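entry17.pdb (PDB, C-alpha atoms and all ligand atoms) appears below.
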```
ATOM      1  CA  MET A   1       3.431  -5.041  19.446  1.00  0.00           C
ATOM      2  CA  ARG A   2       3.164  -1.630  17.758  1.00  0.00           C
ATOM      3  CA  LEU A   3       5.811  -1.492  15.105  1.00  0.00           C
ATOM      4  CA  VAL A   4       6.806   0.940  12.369  1.00  0.00           C
ATOM      5  CA  LEU A   5       8.896  -0.436   9.490  1.00  0.00           C
ATOM      6  CA  LEU A   6      11.177   2.066   7.791  1.00  0.00           C
ATOM      7  CA  GLY A   7      13.456   1.727   4.792  1.00  0.00           C
ATOM      8  CA  ALA A   8      14.053   2.814   1.215  1.00  0.00           C
ATOM      9  CA  PRO A   9      11.889   1.549  -1.655  1.00  0.00           C
ATOM     10  CA  GLY A  10      12.903  -2.069  -2.262  1.00  0.00           C
ATOM     11  CA  SER A  11      14.377  -2.512   1.221  1.00  0.00           C
ATOM     12  CA  GLY A  12      11.854  -5.270   1.989  1.00  0.00           C
ATOM     13  CA  LYS A  13       9.336  -3.434   4.193  1.00  0.00           C
ATOM     14  CA  GLY A  14       6.229  -4.853   2.526  1.00  0.00           C
ATOM     15  CA  THR A  15       7.819  -8.260   2.076  1.00  0.00           C
ATOM     16  CA  GLN A  16       8.837  -8.604   5.723  1.00  0.00           C
ATOM     17  CA  ALA A  17       5.674  -6.983   7.099  1.00  0.00           C
ATOM     18  CA  ALA A  18       3.599  -9.707   5.439  1.00  0.00           C
ATOM     19  CA  ARG A  19       5.614 -12.345   7.323  1.00  0.00           C
ATOM     20  CA  LEU A  20       5.736 -10.422  10.613  1.00  0.00           C
ATOM     21  CA  LYS A  21       1.961 -10.126  10.558  1.00  0.00           C
ATOM     22  CA  GLU A  22       1.661 -13.938  10.796  1.00  0.00           C
ATOM     23  CA  HIS A  23       4.358 -14.197  13.431  1.00  0.00           C
ATOM     24  CA  LEU A  24       3.100 -11.392  15.679  1.00  0.00           C
ATOM     25  CA  GLN A  25      -0.617 -11.896  14.943  1.00  0.00           C
ATOM     26  CA  VAL A  26      -1.249  -8.190  14.433  1.00  0.00           C
ATOM     27  CA  PRO A  27      -2.584  -6.425  11.320  1.00  0.00           C
ATOM     28  CA  HIS A  28      -0.240  -5.160   8.610  1.00  0.00           C
ATOM     29  CA  ILE A  29      -1.078  -1.620   7.580  1.00  0.00           C
ATOM     30  CA  SER A  30       0.670  -0.664   4.342  1.00  0.00           C
ATOM     31  CA  THR A  31      -0.041   2.852   3.113  1.00  0.00           C
ATOM     32  CA  GLY A  32       1.177   1.789  -0.349  1.00  0.00           C
ATOM     33  CA  ASP A  33      -1.376  -1.068  -0.390  1.00  0.00           C
ATOM     34  CA  LEU A  34      -4.155   1.219   0.889  1.00  0.00           C
ATOM     35  CA  LEU A  35      -3.391   3.695  -1.905  1.00  0.00           C
ATOM     36  CA  ARG A  36      -3.157   0.975  -4.567  1.00  0.00           C
ATOM     37  CA  ALA A  37      -6.566  -0.342  -3.440  1.00  0.00           C
ATOM     38  CA  GLU A  38      -8.052   3.162  -3.925  1.00  0.00           C
ATOM     39  CA  VAL A  39      -6.471   3.372  -7.381  1.00  0.00           C
ATOM     40  CA  ALA A  40      -7.793  -0.079  -8.333  1.00  0.00           C
ATOM     41  CA  ALA A  41     -11.293   0.831  -7.105  1.00  0.00           C
ATOM     42  CA  GLY A  42     -11.188   4.079  -9.120  1.00  0.00           C
ATOM     43  CA  THR A  43     -12.250   6.237  -6.160  1.00  0.00           C
ATOM     44  CA  LYS A  44     -11.798  10.024  -6.172  1.00  0.00           C
ATOM     45  CA  LEU A  45      -8.818   9.613  -3.859  1.00  0.00           C
ATOM     46  CA  GLY A  46      -7.393   6.883  -6.108  1.00  0.00           C
ATOM     47  CA  LEU A  47      -7.703   9.068  -9.192  1.00  0.00           C
ATOM     48  CA  GLU A  48      -5.849  11.838  -7.375  1.00  0.00           C
ATOM     49  CA  ALA A  49      -3.107   9.491  -6.184  1.00  0.00           C
ATOM     50  CA  LYS A  50      -2.575   7.482  -9.382  1.00  0.00           C
ATOM     51  CA  GLU A  51      -0.312   9.845 -11.353  1.00  0.00           C
ATOM     52  CA  ILE A  52       1.593  10.969  -8.268  1.00  0.00           C
ATOM     53  CA  MET A  53       2.429   7.378  -7.369  1.00  0.00           C
ATOM     54  CA  ALA A  54       3.336   6.400 -10.938  1.00  0.00           C
ATOM     55  CA  ALA A  55       5.829   9.282 -11.001  1.00  0.00           C
ATOM     56  CA  GLY A  56       7.356   8.123  -7.710  1.00  0.00           C
ATOM     57  CA  ASN A  57       6.323  11.148  -5.667  1.00  0.00           C
ATOM     58  CA  LEU A  58       4.582  11.313  -2.301  1.00  0.00           C
ATOM     59  CA  VAL A  59       0.810  11.591  -2.142  1.00  0.00           C
ATOM     60  CA  SER A  60      -0.379  14.513   0.016  1.00  0.00           C
ATOM     61  CA  ASP A  61       0.057  14.301   3.793  1.00  0.00           C
ATOM     62  CA  GLU A  62      -3.608  15.201   4.224  1.00  0.00           C
ATOM     63  CA  ILE A  63      -4.854  12.243   2.165  1.00  0.00           C
ATOM     64  CA  LEU A  64      -2.508   9.868   3.971  1.00  0.00           C
ATOM     65  CA  LEU A  65      -3.541  11.025   7.415  1.00  0.00           C
ATOM     66  CA  GLY A  66      -7.235  10.672   6.562  1.00  0.00           C
ATOM     67  CA  MET A  67      -6.629   7.121   5.317  1.00  0.00           C
ATOM     68  CA  LEU A  68      -4.655   6.204   8.439  1.00  0.00           C
ATOM     69  CA  GLU A  69      -7.245   7.663  10.806  1.00  0.00           C
ATOM     70  CA  ASP A  70      -9.858   5.541   9.061  1.00  0.00           C
ATOM     71  CA  ARG A  71      -7.730   2.414   9.292  1.00  0.00           C
ATOM     72  CA  PHE A  72      -6.864   2.939  12.970  1.00  0.00           C
ATOM     73  CA  SER A  73     -10.539   3.413  13.793  1.00  0.00           C
ATOM     74  CA  ARG A  74     -11.058  -0.312  13.078  1.00  0.00           C
ATOM     75  CA  PRO A  75     -10.983  -2.465  16.226  1.00  0.00           C
ATOM     76  CA  ASP A  76      -8.380  -4.946  14.936  1.00  0.00           C
ATOM     77  CA  THR A  77      -5.571  -2.451  15.612  1.00  0.00           C
ATOM     78  CA  ALA A  78      -6.278  -2.356  19.356  1.00  0.00           C
ATOM     79  CA  GLY A  79      -3.876  -5.258  20.017  1.00  0.00           C
ATOM     80  CA  GLY A  80      -1.040  -3.777  17.972  1.00  0.00           C
ATOM     81  CA  PHE A  81      -0.036  -3.292  14.332  1.00  0.00           C
ATOM     82  CA  ILE A  82       2.790  -3.227  11.832  1.00  0.00           C
ATOM     83  CA  LEU A  83       2.841   0.069   9.982  1.00  0.00           C
ATOM     84  CA  ASP A  84       4.672  -0.075   6.642  1.00  0.00           C
ATOM     85  CA  GLY A  85       5.264   2.934   4.370  1.00  0.00           C
ATOM     86  CA  TYR A  86       4.361   5.622   6.889  1.00  0.00           C
ATOM     87  CA  PRO A  87       5.781   8.047   7.997  1.00  0.00           C
ATOM     88  CA  ARG A  88       7.652   9.211   4.914  1.00  0.00           C
ATOM     89  CA  ASN A  89       8.453  12.782   6.022  1.00  0.00           C
ATOM     90  CA  GLN A  90       8.670  14.746   9.252  1.00  0.00           C
ATOM     91  CA  ALA A  91       5.114  16.140   8.985  1.00  0.00           C
ATOM     92  CA  GLN A  92       3.825  12.544   8.783  1.00  0.00           C
ATOM     93  CA  ALA A  93       5.983  11.490  11.752  1.00  0.00           C
ATOM     94  CA  ASP A  94       4.512  14.326  13.830  1.00  0.00           C
ATOM     95  CA  ALA A  95       0.963  13.474  12.683  1.00  0.00           C
ATOM     96  CA  LEU A  96       1.524   9.813  13.586  1.00  0.00           C
ATOM     97  CA  ASP A  97       2.752  10.715  17.063  1.00  0.00           C
ATOM     98  CA  LYS A  98      -0.406  12.753  17.634  1.00  0.00           C
ATOM     99  CA  LEU A  99      -2.725  10.106  16.189  1.00  0.00           C
ATOM    100  CA  LEU A 100      -1.235   7.269  18.251  1.00  0.00           C
ATOM    101  CA  GLY A 101      -1.283   9.455  21.366  1.00  0.00           C
ATOM    102  CA  ARG A 102      -4.948  10.175  20.807  1.00  0.00           C
ATOM    103  CA  ILE A 103      -5.886   6.505  20.445  1.00  0.00           C
ATOM    104  CA  ARG A 104      -3.539   5.525  23.315  1.00  0.00           C
ATOM    105  CA  GLN A 105      -1.376   3.303  21.126  1.00  0.00           C
ATOM    106  CA  PRO A 106       2.151   4.709  21.508  1.00  0.00           C
ATOM    107  CA  MET A 107       4.613   3.089  19.149  1.00  0.00           C
ATOM    108  CA  ASP A 108       6.954   0.498  20.667  1.00  0.00           C
ATOM    109  CA  PHE A 109       9.615   0.327  18.066  1.00  0.00           C
ATOM    110  CA  ALA A 110      10.782   1.591  14.665  1.00  0.00           C
ATOM    111  CA  VAL A 111      12.817  -0.859  12.595  1.00  0.00           C
ATOM    112  CA  GLN A 112      14.866   0.427   9.683  1.00  0.00           C
ATOM    113  CA  LEU A 113      15.860  -2.087   7.004  1.00  0.00           C
ATOM    114  CA  GLU A 114      19.239  -1.038   5.631  1.00  0.00           C
ATOM    115  CA  VAL A 115      20.100  -2.036   2.049  1.00  0.00           C
ATOM    116  CA  PRO A 116      22.680  -0.520  -0.335  1.00  0.00           C
ATOM    117  CA  THR A 117      21.266   1.493  -3.253  1.00  0.00           C
ATOM    118  CA  GLU A 118      22.568  -0.862  -5.996  1.00  0.00           C
ATOM    119  CA  LEU A 119      20.669  -3.742  -4.419  1.00  0.00           C
ATOM    120  CA  LEU A 120      17.485  -1.660  -4.032  1.00  0.00           C
ATOM    121  CA  VAL A 121      17.587  -0.875  -7.731  1.00  0.00           C
ATOM    122  CA  GLU A 122      18.229  -4.540  -8.591  1.00  0.00           C
ATOM    123  CA  ARG A 123      15.322  -5.789  -6.449  1.00  0.00           C
ATOM    124  CA  ILE A 124      12.852  -3.280  -7.859  1.00  0.00           C
ATOM    125  CA  ALA A 125      13.975  -4.110 -11.406  1.00  0.00           C
ATOM    126  CA  GLY A 126      13.195  -7.762 -10.574  1.00  0.00           C
ATOM    127  CA  ARG A 127       9.720  -6.835  -9.369  1.00  0.00           C
ATOM    128  CA  ALA A 128       9.170  -4.639 -12.446  1.00  0.00           C
ATOM    129  CA  LYS A 129       9.716  -7.720 -14.623  1.00  0.00           C
ATOM    130  CA  ALA A 130       7.596 -10.015 -12.472  1.00  0.00           C
ATOM    131  CA  GLU A 131       4.686  -7.721 -11.573  1.00  0.00           C
ATOM    132  CA  GLY A 132       4.881  -4.618 -13.795  1.00  0.00           C
ATOM    133  CA  ARG A 133       3.955  -2.182 -10.994  1.00  0.00           C
ATOM    134  CA  ALA A 134       3.436   1.300 -12.488  1.00  0.00           C
ATOM    135  CA  ASP A 135       5.975   2.944 -10.166  1.00  0.00           C
ATOM    136  CA  ASP A 136       8.761   0.400 -10.721  1.00  0.00           C
ATOM    137  CA  SER A 137       9.954   1.950 -14.006  1.00  0.00           C
ATOM    138  CA  PRO A 138      13.596   3.173 -13.935  1.00  0.00           C
ATOM    139  CA  GLU A 139      12.564   6.883 -14.015  1.00  0.00           C
ATOM    140  CA  SER A 140      10.088   6.458 -11.176  1.00  0.00           C
ATOM    141  CA  VAL A 141      12.593   4.471  -9.120  1.00  0.00           C
ATOM    142  CA  ARG A 142      15.140   7.299  -9.465  1.00  0.00           C
ATOM    143  CA  THR A 143      12.540   9.749  -8.153  1.00  0.00           C
ATOM    144  CA  ARG A 144      11.504   7.408  -5.303  1.00  0.00           C
ATOM    145  CA  LEU A 145      15.099   7.039  -4.156  1.00  0.00           C
ATOM    146  CA  GLN A 146      15.593  10.815  -4.305  1.00  0.00           C
ATOM    147  CA  VAL A 147      12.380  11.415  -2.335  1.00  0.00           C
ATOM    148  CA  TYR A 148      13.566   8.868   0.206  1.00  0.00           C
ATOM    149  CA  GLU A 149      16.933  10.627   0.639  1.00  0.00           C
ATOM    150  CA  ASN A 150      15.400  14.092   0.889  1.00  0.00           C
ATOM    151  CA  SER A 151      12.224  13.490   2.881  1.00  0.00           C
ATOM    152  CA  THR A 152      12.226  10.077   4.562  1.00  0.00           C
ATOM    153  CA  ALA A 153      15.835   9.568   5.684  1.00  0.00           C
ATOM    154  CA  PRO A 154      15.618  12.537   8.139  1.00  0.00           C
ATOM    155  CA  VAL A 155      12.675  10.791   9.864  1.00  0.00           C
ATOM    156  CA  ILE A 156      14.996   7.908  10.731  1.00  0.00           C
ATOM    157  CA  GLU A 157      17.197  10.348  12.618  1.00  0.00           C
ATOM    158  CA  PHE A 158      14.103  11.579  14.481  1.00  0.00           C
ATOM    159  CA  TYR A 159      13.343   8.050  15.764  1.00  0.00           C
ATOM    160  CA  ARG A 160      16.999   7.475  16.611  1.00  0.00           C
ATOM    161  CA  GLN A 161      17.027  10.626  18.745  1.00  0.00           C
ATOM    162  CA  HIS A 162      13.869   9.420  20.509  1.00  0.00           C
ATOM    163  CA  GLY A 163      15.568   6.094  21.324  1.00  0.00           C
ATOM    164  CA  GLN A 164      12.932   4.155  19.358  1.00  0.00           C
ATOM    165  CA  LEU A 165      15.047   3.037  16.400  1.00  0.00           C
ATOM    166  CA  THR A 166      16.726  -0.245  15.676  1.00  0.00           C
ATOM    167  CA  VAL A 167      18.610  -0.770  12.430  1.00  0.00           C
ATOM    168  CA  VAL A 168      18.496  -4.204  10.811  1.00  0.00           C
ATOM    169  CA  ASP A 169      20.697  -5.375   7.948  1.00  0.00           C
ATOM    170  CA  GLY A 170      18.252  -5.965   5.070  1.00  0.00           C
ATOM    171  CA  VAL A 171      20.745  -7.817   2.857  1.00  0.00           C
ATOM    172  CA  GLY A 172      20.280 -11.575   2.618  1.00  0.00           C
ATOM    173  CA  SER A 173      17.540 -14.113   2.022  1.00  0.00           C
ATOM    174  CA  LEU A 174      13.953 -13.407   3.129  1.00  0.00           C
ATOM    175  CA  ASP A 175      14.439 -15.820   6.043  1.00  0.00           C
ATOM    176  CA  GLU A 176      17.737 -14.274   7.126  1.00  0.00           C
ATOM    177  CA  VAL A 177      16.282 -10.769   7.218  1.00  0.00           C
ATOM    178  CA  PHE A 178      13.128 -12.011   8.957  1.00  0.00           C
ATOM    179  CA  ASN A 179      15.168 -13.746  11.686  1.00  0.00           C
ATOM    180  CA  ARG A 180      17.225 -10.595  12.254  1.00  0.00           C
ATOM    181  CA  ILE A 181      14.051  -8.565  12.760  1.00  0.00           C
ATOM    182  CA  ILE A 182      12.652 -11.112  15.214  1.00  0.00           C
ATOM    183  CA  GLU A 183      15.922 -11.024  17.178  1.00  0.00           C
ATOM    184  CA  ALA A 184      15.840  -7.226  17.243  1.00  0.00           C
ATOM    185  CA  LEU A 185      12.264  -7.270  18.538  1.00  0.00           C
ATOM    186  CA  ALA A 186      12.889  -9.837  21.273  1.00  0.00           C
ATOM    187  CA  PRO A 187      13.588  -7.293  24.057  1.00  0.00           C
ATOM    188  CA  VAL A 188      10.327  -5.452  23.254  1.00  0.00           C
ATOM    189  CA  LYS A 189       8.198  -8.619  23.245  1.00  0.00           C
ATOM    190  CA  GLU A 190       9.309  -9.614  26.748  1.00  0.00           C
TER     191      GLU A 190
HETATM  192  P1  LIG B 201       5.175   1.429  -1.110  1.00  0.00           P
HETATM  193  O1  LIG B 201       4.066   0.506  -1.437  1.00  0.00           O
HETATM  194  O2  LIG B 201       5.479   1.655   0.328  1.00  0.00           O
HETATM  195  O3  LIG B 201       6.450   0.888  -1.946  1.00  0.00           O
HETATM  196  P2  LIG B 201       7.985   0.529  -1.613  1.00  0.00           P
HETATM  197  O4  LIG B 201       8.628   1.630  -0.853  1.00  0.00           O
HETATM  198  O5  LIG B 201       8.613   0.133  -2.919  1.00  0.00           O
HETATM  199  O6  LIG B 201       8.014  -0.708  -0.715  1.00  0.00           O
HETATM  200  P3  LIG B 201       7.449  -2.157  -0.886  1.00  0.00           P
HETATM  201  O7  LIG B 201       7.059  -2.504   0.486  1.00  0.00           O
HETATM  202  O8  LIG B 201       6.397  -2.264  -1.935  1.00  0.00           O
HETATM  203  O9  LIG B 201       8.614  -3.061  -1.468  1.00  0.00           O
HETATM  204  P4  LIG B 201       9.611  -4.086  -0.759  1.00  0.00           P
HETATM  205  O10 LIG B 201      10.751  -3.265  -0.304  1.00  0.00           O
HETATM  206  O11 LIG B 201       8.983  -5.008   0.228  1.00  0.00           O
HETATM  207  O12 LIG B 201       4.912   2.869  -1.760  1.00  0.00           O
HETATM  208  C1  LIG B 201       4.546   3.045  -3.131  1.00  0.00           C
HETATM  209  C2  LIG B 201       4.140   4.503  -3.406  1.00  0.00           C
HETATM  210  O13 LIG B 201       2.922   4.830  -2.661  1.00  0.00           O
HETATM  211  C3  LIG B 201       5.128   5.603  -2.965  1.00  0.00           C
HETATM  212  O14 LIG B 201       6.159   5.826  -3.916  1.00  0.00           O
HETATM  213  C4  LIG B 201       4.159   6.826  -2.817  1.00  0.00           C
HETATM  214  O15 LIG B 201       3.838   7.378  -4.066  1.00  0.00           O
HETATM  215  C5  LIG B 201       2.916   6.201  -2.222  1.00  0.00           C
HETATM  216  N1  LIG B 201       2.926   6.243  -0.739  1.00  0.00           N
HETATM  217  C6  LIG B 201       2.957   5.156   0.105  1.00  0.00           C
HETATM  218  N2  LIG B 201       2.993   5.557   1.404  1.00  0.00           N
HETATM  219  C7  LIG B 201       2.985   6.924   1.362  1.00  0.00           C
HETATM  220  C8  LIG B 201       3.049   7.930   2.374  1.00  0.00           C
HETATM  221  N3  LIG B 201       3.136   7.608   3.672  1.00  0.00           N
HETATM  222  N4  LIG B 201       3.026   9.240   2.001  1.00  0.00           N
HETATM  223  C9  LIG B 201       2.936   9.582   0.717  1.00  0.00           C
HETATM  224  N5  LIG B 201       2.890   8.683  -0.299  1.00  0.00           N
HETATM  225  C10 LIG B 201       2.922   7.369   0.025  1.00  0.00           C
HETATM  226  O16 LIG B 201      10.018  -5.063  -1.952  1.00  0.00           O
HETATM  227  C11 LIG B 201      10.609  -4.649  -3.155  1.00  0.00           C
HETATM  228  C12 LIG B 201      11.073  -5.861  -3.976  1.00  0.00           C
HETATM  229  O17 LIG B 201      12.220  -6.439  -3.358  1.00  0.00           O
HETATM  230  C13 LIG B 201      10.060  -7.020  -4.086  1.00  0.00           C
HETATM  231  O18 LIG B 201      10.075  -7.521  -5.395  1.00  0.00           O
HETATM  232  C14 LIG B 201      10.580  -8.061  -3.125  1.00  0.00           C
HETATM  233  O19 LIG B 201      10.244  -9.380  -3.505  1.00  0.00           O
HETATM  234  C15 LIG B 201      12.071  -7.843  -3.188  1.00  0.00           C
HETATM  235  N6  LIG B 201      12.752  -8.226  -1.938  1.00  0.00           N
HETATM  236  C16 LIG B 201      12.415  -7.824  -0.689  1.00  0.00           C
HETATM  237  N7  LIG B 201      13.254  -8.373   0.218  1.00  0.00           N
HETATM  238  C17 LIG B 201      14.169  -9.118  -0.501  1.00  0.00           C
HETATM  239  C18 LIG B 201      15.302  -9.922  -0.132  1.00  0.00           C
HETATM  240  N8  LIG B 201      15.688 -10.088   1.137  1.00  0.00           N
HETATM  241  N9  LIG B 201      16.002 -10.511  -1.126  1.00  0.00           N
HETATM  242  C19 LIG B 201      15.627 -10.369  -2.417  1.00  0.00           C
HETATM  243  N10 LIG B 201      14.563  -9.635  -2.840  1.00  0.00           N
HETATM  244  C20 LIG B 201      13.838  -9.014  -1.873  1.00  0.00           C
END
```

Representation of the structure as structure tokens:
Amino acid sequence: MRLVLLGAPGSGKGTQAARLKEHLQVPHISTGDLLRAEVAAGTKLGLEAKEIMAAGNLVSDEILLGMLEDRFSRPDTAGGFILDGYPRNQAQADALDKLLGRIRQPMDFAVQLEVPTELLVERIAGRAKAEGRADDSPESVRTRLQVYENSTAPVIEFYRQHGQLTVVDGVGSLDEVFNRIIEALAPVKE
């Protein structure tokens, strides 16, 4: 199973990907987690990304592609993967197409988690209290939602036009959303 999870910040991508990884027995590749690991390790890349992420903006396409190429060069992705947080703009979608073509891992499915904006804001505010992530401040969240509307939402249309998109209602308990995703994936798993 080669799956891309799409959705606005707070839509549950990371949350559901962690569960899907166990269910599908494939690695979860989160570009947000990869970047946060670089920031935590204080690498050159992490230092470059830190302020950009805290402000809620997108880190450069070049950095992201380099990180992804590295990650896909590891053998554990040969049996499939769940990609979470990438692509976030059309240039990244095109780069992903090329990369997966080159490693002969064409994507099976893109799942978009759909959640109304008020609920996105509420969920992220909850995480801000619980975890204090640098980019969960109200100002950063406003920017992230704007970036999503301007840059990422058009990518969803791209996958729809290619017949690869399925939209899943992301409102409900973690189990409810998880079960909806599994149902949506059933035709692909057969
Ligand atoms: P990400 O790490 O991808 O952050 P995110 O969009 O907020 O999603 P996340 O997966 O963490 O949250 P989720 O919805 O699961 O990106 C962070 C930053 O990294 C970006 O802003 C950017 O700067 C940079 N970046 C990452 N990828 C990039 C790329 N490709 N190009 C450029 N820059 C990139 O969960 C949110 C909250 O909701 C959690 O608290 C969760 O518990 C809660 N929740 C989830 N589902 C719920 C449910 N059903 N009910 C109640 N609460 C729920």

Subject >> Residues within 7 Å of ligand LIG 201 (chain B), counting all atoms listed in the file, as a ChimeraX atom specification >> reply: /A:8-16,30-33,35,52-54,56-61,64,84-88,123-124,126-127,135,144,170-174,177

**OP:** Decode the PyMOL selection byres (((chain A and resi 113-119) around 7) and not hetatm) for the given file into explicit residues and return them as a VMD selection string.
**Re:** chain A and resid 6 to 7 11 111 to 112 120 to 123 167 to 171

**OP:** Select, from A:Pro75, A:Pro106, A:Gly46, A:Gly80, the residue with the minimum atom-to-atom distance to Ile63 of chain A, counting all atoms listed in the file.
**Re:** A:Gly46

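The shell of residues at most 12 Å from Leu100 of chain A, with only C-alpha atoms counted and near chain neighbours (fewer than 3 positions) removed, consists of Arg2, Leu3, Val4, Leu65, Leu68, Glu69, Phe72, Ser73, Thr77, Ala78, Gly80, Phe81, Leu83, Gln92, Ala93, Asp94, Ala95, Leu96, Asp97, Ile103, Arg104, Gln105, Pro106, Met107 and Asp108 of chain A.
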
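Restricting the calculation to only C-alpha atoms, the smallest distance between Leu24 of chain A and any of A:Ile182, A:Gly42, A:Ile156, A:Thr143 is found for A:Ile182.
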
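Distance-wise, atom CA of Ala110 of chain A and atom CA of Leu5 of chain A end up 5.9 Å apart.
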
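A straight line drawn from atom CA of Val155 of chain A to atom CA of Ile82 of chain A is 17.3 Å long.
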
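Between atom CA of Ala17 of chain A and atom CA of Ile29 of chain A lies a distance of 8.6 Å.
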
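In this comparison, which uses all atoms listed in the file, the residue of A:Asn89, A:Asp76, A:Leu185, A:Val147 approaching Val26 of chain A most closely is A:Asp76.
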
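Nearest residue to Pro154 of chain A among A:Arg142, A:Ala37, A:Ala91, A:Arg71 is A:Ala91, counting only C-alpha atoms.
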
Original post:
Looking at A:Gln90, A:Asp175, A:Ala186, A:Glu131, which one is nearest to Glu157 of chain A, with distances taken over only C-alpha atoms?
Top reply: A:Gln90

Output, as JSON, the centre and edge lengths in Å (one decimal) of the axis-aligned box that contains all listed atoms of segment 30-41 of chain A with 4 Å of margin on each side.
```
{"center_x": -5.1, "center_y": 1.3, "center_z": -2.0, "size_x": 20.5, "size_y": 12.8, "size_z": 20.7}
```

Original post:
So, counting only C-alpha atoms, which residue among A:Thr166, A:Glu48, A:Glu139, A:Ala125 is closest to Arg180 of chain A?
Top reply: A:Thr166
